[in-house]
>>> print(open('work01.json').read())   # JSON, C-alpha atoms
[["chain", "number", "residue", "atom", "x", "y", "z"],
["A", 1, "ARG", "CA", 24.47, 126.93, 28.86],
["A", 2, "TRP", "CA", 26.19, 125.11, 26.06],
["A", 3, "ARG", "CA", 27.53, 121.62, 26.49],
["A", 4, "MET", "CA", 31.07, 122.82, 25.69],
["A", 5, "GLY", "CA", 30.91, 125.62, 28.23],
["A", 6, "ARG", "CA", 30.66, 129.36, 27.85],
["A", 7, "ARG", "CA", 34.09, 130.03, 26.34],
["A", 8, "LYS", "CA", 34.87, 127.28, 23.84],
["A", 9, "PRO", "CA", 32.15, 128.09, 21.27],
["A", 10, "PHE", "CA", 33.53, 131.61, 20.80],
["A", 11, "MET", "CA", 37.04, 130.25, 20.40],
["A", 12, "LEU", "CA", 35.89, 127.61, 17.93],
["A", 13, "LEU", "CA", 33.88, 130.09, 15.85],
["A", 14, "GLY", "CA", 36.52, 132.82, 15.92],
["A", 15, "THR", "CA", 39.44, 130.62, 14.83],
["A", 16, "PRO", "CA", 38.24, 129.93, 11.25],
["A", 17, "LEU", "CA", 37.33, 133.60, 10.84],
["A", 18, "PHE", "CA", 40.81, 134.57, 12.03],
["A", 19, "MET", "CA", 42.47, 132.08, 9.67],
["A", 20, "LEU", "CA", 40.42, 133.24, 6.67],
["A", 21, "SER", "CA", 40.94, 136.93, 7.35],
["A", 22, "VAL", "CA", 44.71, 136.54, 7.83],
["A", 23, "TRP", "CA", 44.89, 134.58, 4.58],
["A", 24, "LYS", "CA", 42.90, 137.22, 2.68],
["A", 25, "LEU", "CA", 45.02, 139.98, 4.17],
["A", 26, "PHE", "CA", 48.39, 138.44, 3.31],
["A", 27, "VAL", "CA", 47.39, 136.94, -0.07],
["A", 28, "PRO", "CA", 45.31, 139.70, -1.67],
["A", 29, "PRO", "CA", 44.17, 139.63, -5.30],
["A", 30, "PRO", "CA", 46.19, 141.79, -7.71],
["A", 31, "ASP", "CA", 43.47, 144.44, -7.92],
["A", 32, "ALA", "CA", 42.97, 144.78, -4.14],
["A", 33, "GLY", "CA", 42.35, 148.33, -3.04],
["A", 34, "MET", "CA", 42.45, 150.12, 0.26],
["A", 35, "SER", "CA", 38.86, 149.17, 1.15],
["A", 36, "TYR", "CA", 39.68, 145.46, 0.64],
["A", 37, "LEU", "CA", 42.65, 145.69, 2.99],
["A", 38, "LEU", "CA", 40.74, 147.72, 5.59],
["A", 39, "LEU", "CA", 37.91, 145.19, 5.58],
["A", 40, "TRP", "CA", 40.22, 142.23, 6.15],
["A", 41, "ILE", "CA", 42.37, 143.94, 8.78],
["A", 42, "ALA", "CA", 39.19, 144.85, 10.67],
["A", 43, "LEU", "CA", 38.10, 141.21, 10.50],
["A", 44, "VAL", "CA", 41.54, 140.09, 11.72],
["A", 45, "TYR", "CA", 41.17, 142.29, 14.80],
["A", 46, "LEU", "CA", 37.56, 141.21, 15.36],
["A", 47, "ALA", "CA", 38.40, 137.52, 15.09],
["A", 48, "ALA", "CA", 41.46, 137.90, 17.32],
["A", 49, "THR", "CA", 39.26, 139.53, 19.93],
["A", 50, "ILE", "CA", 36.63, 136.80, 19.63],
["A", 51, "VAL", "CA", 39.30, 134.15, 20.28],
["A", 52, "ASP", "CA", 41.55, 136.00, 22.71],
["A", 53, "LEU", "CA", 39.06, 137.33, 25.26],
["A", 54, "PRO", "CA", 37.49, 133.95, 26.13],
["A", 55, "TYR", "CA", 40.95, 132.38, 26.25],
["A", 56, "LEU", "CA", 42.25, 134.92, 28.75],
["A", 57, "THR", "CA", 39.13, 134.93, 30.93],
["A", 58, "TRP", "CA", 38.94, 131.14, 30.98],
["A", 59, "GLY", "CA", 41.95, 130.92, 33.26],
["A", 60, "ALA", "CA", 40.38, 133.33, 35.73],
["A", 61, "GLU", "CA", 37.39, 131.01, 36.16],
["A", 62, "LEU", "CA", 39.42, 127.92, 37.00],
["A", 63, "SER", "CA", 39.95, 128.69, 40.67],
["A", 64, "PRO", "CA", 38.37, 130.85, 43.35],
["A", 65, "ASP", "CA", 41.81, 131.43, 44.92],
["A", 66, "TYR", "CA", 43.59, 134.63, 43.89],
["A", 67, "ARG", "CA", 47.09, 133.12, 43.88],
["A", 68, "GLU", "CA", 46.08, 130.13, 41.79],
["A", 69, "ARG", "CA", 44.34, 132.39, 39.25],
["A", 70, "SER", "CA", 47.49, 134.48, 39.03],
["A", 71, "LYS", "CA", 49.61, 131.38, 38.38],
["A", 72, "VAL", "CA", 47.21, 130.19, 35.68],
["A", 73, "THR", "CA", 46.65, 133.48, 33.86],
["A", 74, "GLY", "CA", 50.14, 134.98, 34.27],
["A", 75, "PRO", "CA", 52.12, 132.88, 31.77],
["A", 76, "PRO", "CA", 49.69, 133.26, 28.82],
["A", 77, "VAL", "CA", 49.40, 137.02, 29.32],
["A", 78, "GLY", "CA", 53.16, 137.38, 29.77],
["A", 79, "SER", "CA", 53.96, 135.33, 26.68],
["A", 80, "GLN", "CA", 51.51, 137.35, 24.58],
["A", 81, "GLY", "CA", 53.07, 140.59, 25.76],
["A", 82, "GLY", "CA", 56.58, 139.30, 25.11],
["A", 83, "GLY", "CA", 55.60, 138.01, 21.69],
["A", 84, "GLY", "CA", 54.03, 141.32, 20.78],
["A", 85, "ARG", "CA", 57.13, 143.23, 21.82],
["A", 86, "GLY", "CA", 59.33, 140.75, 19.96],
["A", 87, "ALA", "CA", 57.27, 141.13, 16.79],
["A", 88, "GLY", "CA", 57.54, 144.89, 17.04],
["A", 89, "VAL", "CA", 61.34, 144.83, 16.92]]
>>> encode(input="work01.json", output="structure tokens")
Amino acid sequence: RWRMGRRKPFMLLGTPLFMLSVWKLFVPPPDAGMSYLLLWIALVYLAATIVDLPYLTWGAELSPDYRERSKVTGPPVGSQGGGGRGAGV
């Protein structure tokens, strides 16, 4: 086991990758082709997964009680769903 726990290292390593890949995706060089954009969008999704999965499962480990876990994990999941729907409009 790591000193920081099982979840934090993935979140700490995935965040810089996410930041870099979003930057490269939204600020491409003038000669960027389709393969450049596909590479960086794939890295955006990979990095988002690396950060998001430990974040969502972390709340489920905080309590052995079902109701407490639901109270802890409900708001983050609900806000992500609402934000995704809001961005799609």
>>> residues_around(input="work01.json", residues="Leu43 in chain A", least_positions_apart="6", cutoff="12 Å", atoms="only C-alpha atoms", output="list in words")
Gly14, Thr15, Pro16, Leu17, Phe18, Met19, Leu20, Ser21, Val22, Trp23, Lys24, Leu25, Tyr36, Leu37, Thr49 and Ile50 of chain A
>>> atom_distance(input="work01.json", atom1="CA of Arg6 in chain A", atom2="CA of Ala60 in chain A")
13.1 Å
>>> residues_around(input="work01.json", residues="Leu53 in chain A", least_positions_apart="2", cutoff="12 Å", atoms="all atoms listed in the file", output="list in words")
Arg6, Arg7, Lys8, Phe10, Met11, Gly14, Tyr45, Leu46, Ala47, Ala48, Thr49, Ile50, Val51, Tyr55, Leu56, Thr57, Trp58, Gly59, Ala60, Pro76 and Val77 of chain A
>>> closest_residue(input="work01.json", among="A:Asp52, A:Phe26, A:Gly82, A:Ser70", to="Trp40 in chain A", atoms="all atoms listed in the file")
A:Phe26
>>> closest_residue(input="work01.json", among="A:Pro54, A:Pro29, A:Ile41, A:Arg67", to="Pro9 in chain A", atoms="only C-alpha atoms")
A:Pro54
>>> atom_distance(input="work01.json", atom1="CA of Gln80 in chain A", atom2="CA of Leu13 in chain A")
21.0 Å
>>> atom_distance(input="work01.json", atom1="CA of Pro75 in chain A", atom2="CA of Leu62 in chain A")
14.6 Å
